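Inspection log for the structure reproduced underneath, given as structure tokens.
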Amino acid sequence: MASFTAKDVKALREQTGCGMMDCKKALVEADGDMDKAVDFLREQGLAKQAKKASRIAAEGMAYAMTSDDLKKGVVIEVNAETDFVAKNADFQAFVKTCAQTVMDNAPADVEALLACKASGSDKTVAELLQEKVLVIGENIQLRRFKMMEGACVAYVHAGGVIGVLVNFDTDLADKPEFVTYGKDIAMQIAALNTPYLKAEDVPADVLEHEKEIMKAEVINSGKPEAIADKIVMGKIGKYYKENCLLEQAFVKENKISVQQYTNNTAKELGGSIAIKEFVRFEKGEGIEKRQDDFAAEVASMTK
């Protein structure tokens, strides 16, 4: 009997959107290996969600900001234990102070940031953090940050659920229309959680794995193996459009791609624009929260 638990069934169900019995069967077929179980469901055409989604399991705030001249940008995540604290004005002010400190000092990592003198204070970030823990009464963790230099645009969604920072190569950063365009791009990234900028950024092993999944799905649908490879080549184009920002349909005008929208904006403003990189932080992404007891509901399925 394959070794897995009721929590494994639950996790697979949440990740793929499939029914519990299908998830149990997949785990049996995969001998309890979660990644292989996801592949099995996809090969059978059962998975409703093709890519893995990180579970949002912790509270806190993701925040992004730029300097007034847009030449620097920072995106940061600070975690707390409850949503109540995340909405606390004192906690939010601390997060913004951390972001400003990153911009002012360009620390190499979180440890270096904690040692920095906090912007607008005579205390270090670590000392301020300890104060917040004592006053607020919850564990607070400064989790991660990213700083970029160049033309940057920031976007914060839903008061700190998602923070996005986009870096551009452009000669149009001083134009208000560019900022409007940049916000559109950042909002698209926030909404669709795009993993790659362009097709060339997809790692070769990831692409080969996707092709294998697609081929198995085609064959399992009843198509002859002799034509499976040709069908897969057509599907790869769709994969790029779903997973690469520049090839995605622009959400506000889905008849054009993000790349076309970028080209059109640059032409209208009389300059050039290229998206260099982007970072999207979602609060609690990938952090496990205390789980509800799900065992009673599906315990019999794992026996």
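Each chain of the structure tokens is named A, B, ... in the order shown, its residues numbered from 1; ligands are numbered from 1 in display order.
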Contacts of segment 90-144 of chain A with segment 158-173 of chain A up to 12 Å, shortest pair per row, only C-alpha atoms, as JSON lines:
{"residue": "A:Phe91", "atom": "CA", "partner": "A:Gly160", "partner_atom": "CA", "distance": 11.6}
{"residue": "A:Gln92", "atom": "CA", "partner": "A:Gly160", "partner_atom": "CA", "distance": 8.9}
{"residue": "A:Val95", "atom": "CA", "partner": "A:Gly160", "partner_atom": "CA", "distance": 10.1}
{"residue": "A:Lys96", "atom": "CA", "partner": "A:Gly160", "partner_atom": "CA", "distance": 10.9}
{"residue": "A:Ala99", "atom": "CA", "partner": "A:Gly163", "partner_atom": "CA", "distance": 11.7}
{"residue": "A:Arg144", "atom": "CA", "partner": "A:Gly163", "partner_atom": "CA", "distance": 11.8}
* Do you know which residues are at most 8 Å from segment 205-220 of chain A counting only C-alpha atoms, after dropping those on the same chain fewer than 4 positions away, and could you put them as a ChimeraX atom specification? -> /A:39,42-45,224-225,228-229,231-232,235-236
* Selection near Val125 of chain A, 12 Å with only C-alpha atoms, sequence-local residues under 3 positions removed, as an NGL selection string -> :A and (94-102 or 105 or 107 or 110-122 or 128-132 or 141-142)
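Atom CA of Lys283 of chain A is positioned 27.7 Å from atom CA of Lys36 of chain A.
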Please identify the strand (DSSP E or B) residues within segment 147-258 of chain A (assignment by DSSP from backbone atoms) and present them as an mmCIF file with C-alpha atoms, in the first residue's frame.
data_model
loop_
_atom_site.group_PDB
_atom_site.id
_atom_site.type_symbol
_atom_site.label_atom_id
_atom_site.label_comp_id
_atom_site.auth_asym_id
_atom_site.auth_seq_id
_atom_site.Cartn_x
_atom_site.Cartn_y
_atom_site.Cartn_z
ATOM 1 C CA MET A 147 15.655 46.114 -4.584
ATOM 2 C CA MET A 148 15.980 47.231 -8.204
ATOM 3 C CA GLU A 149 17.654 50.209 -9.833
ATOM 4 C CA ALA A 151 13.042 52.846 -14.120
ATOM 5 C CA CYS A 152 10.726 51.123 -11.611
ATOM 6 C CA VAL A 153 6.982 50.990 -11.041
ATOM 7 C CA ALA A 154 5.416 49.540 -7.887
ATOM 8 C CA TYR A 155 1.947 48.218 -7.171
ATOM 9 C CA VAL A 156 0.351 47.019 -3.933
ATOM 10 C CA HIS A 157 -2.819 44.973 -4.177
ATOM 11 C CA ILE A 162 0.429 41.281 -3.016
ATOM 12 C CA GLY A 163 3.354 43.582 -3.766
ATOM 13 C CA VAL A 164 4.774 43.887 -7.287
ATOM 14 C CA LEU A 165 7.867 45.696 -8.541
ATOM 15 C CA VAL A 166 8.646 45.989 -12.256
ATOM 16 C CA ASN A 167 11.924 47.226 -13.714
ATOM 17 C CA PHE A 168 12.052 48.794 -17.192
ATOM 18 C CA ASP A 169 14.661 49.923 -19.673
ATOM 19 C CA THR A 170 13.153 53.146 -21.015
ATOM 20 C CA TYR A 196 8.452 34.001 -16.565
ATOM 21 C CA CYS A 244 5.339 34.191 -20.130
ATOM 22 C CA ALA A 249 -2.930 38.590 -23.662
ATOM 23 C CA SER A 257 -0.262 40.778 -26.120
#
* Find the spatial neighbours of Phe84 of chain A, counting only C-alpha atoms, within a cut-off of 10 Å - ignore same-chain residues fewer than 3 positions away - and output them as a VMD selection string. => chain A and resid 59 to 60 80 to 81 87 to 88
* Asked: Restricting the calculation to only C-alpha atoms, which member of A:Thr265, A:Ser67, A:Thr180, A:Gln259 is positioned closest to Lys198 of chain A?
  ->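 Once distances to Lys198 of chain A are computed over only C-alpha atoms, the minimum belongs to A:Gln259.
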* Asked: Distance atom CA of Ile76 of chain A-atom CA of Ala58 of chain A, one decimal place?
  ->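 Between atom CA of Ile76 of chain A and atom CA of Ala58 of chain A the gap is 14.9 Å.
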* To do: Excluding Thr66 of chain A and residues on its chain fewer than 2 positions from it, collect all residues at most 9 Å away from it, counting only C-alpha atoms, and give them as a ChimeraX atom specification.
  => /A:64,68-75,103,152-154,165
Export of prior selection with N, CA and C atoms as an mmCIF file, in the first residue's frame:
data_model
loop_
_atom_site.group_PDB
_atom_site.id
_atom_site.type_symbol
_atom_site.label_atom_id
_atom_site.label_comp_id
_atom_site.auth_asym_id
_atom_site.auth_seq_id
_atom_site.Cartn_x
_atom_site.Cartn_y
_atom_site.Cartn_z
ATOM 1 N N ALA A 64 5.314 47.406 -1.836
ATOM 2 C CA ALA A 64 6.258 47.822 -2.876
ATOM 3 C C ALA A 64 6.232 49.340 -2.980
ATOM 4 N N ASP A 68 10.959 58.854 -5.587
ATOM 5 C CA ASP A 68 10.141 59.847 -6.293
ATOM 6 C C ASP A 68 10.499 59.935 -7.770
ATOM 7 N N ASP A 69 11.766 59.712 -8.100
ATOM 8 C CA ASP A 69 12.187 59.807 -9.502
ATOM 9 C C ASP A 69 12.102 58.469 -10.238
ATOM 10 N N LEU A 70 11.571 57.457 -9.553
ATOM 11 C CA LEU A 70 11.375 56.107 -10.122
ATOM 12 C C LEU A 70 12.690 55.378 -10.428
ATOM 13 N N LYS A 71 13.817 55.912 -9.959
ATOM 14 C CA LYS A 71 15.103 55.298 -10.305
ATOM 15 C C LYS A 71 15.481 54.141 -9.383
ATOM 16 N N LYS A 72 14.733 53.959 -8.317
ATOM 17 C CA LYS A 72 14.927 52.833 -7.420
ATOM 18 C C LYS A 72 13.564 52.287 -7.020
ATOM 19 N N GLY A 73 13.532 50.996 -6.710
ATOM 20 C CA GLY A 73 12.298 50.388 -6.241
ATOM 21 C C GLY A 73 12.595 49.273 -5.262
ATOM 22 N N VAL A 74 11.658 49.035 -4.352
ATOM 23 C CA VAL A 74 11.791 47.976 -3.350
ATOM 24 C C VAL A 74 10.459 47.259 -3.206
ATOM 25 N N VAL A 75 10.523 45.933 -3.105
ATOM 26 C CA VAL A 75 9.357 45.136 -2.725
ATOM 27 C C VAL A 75 9.776 44.289 -1.534
ATOM 28 N N MET A 103 15.854 50.859 0.585
ATOM 29 C CA MET A 103 16.150 51.801 -0.497
ATOM 30 C C MET A 103 17.330 52.709 -0.142
ATOM 31 N N CYS A 152 11.532 52.100 -12.352
ATOM 32 C CA CYS A 152 10.726 51.123 -11.611
ATOM 33 C C CYS A 152 9.302 51.630 -11.406
ATOM 34 N N VAL A 153 8.378 50.697 -11.388
ATOM 35 C CA VAL A 153 6.982 50.990 -11.041
ATOM 36 C C VAL A 153 6.541 49.961 -10.016
ATOM 37 N N ALA A 154 5.865 50.421 -8.965
ATOM 38 C CA ALA A 154 5.416 49.540 -7.887
ATOM 39 C C ALA A 154 3.897 49.491 -7.840
ATOM 40 N N LEU A 165 6.905 44.702 -8.081
ATOM 41 C CA LEU A 165 7.867 45.696 -8.541
ATOM 42 C C LEU A 165 8.330 45.300 -9.931
#
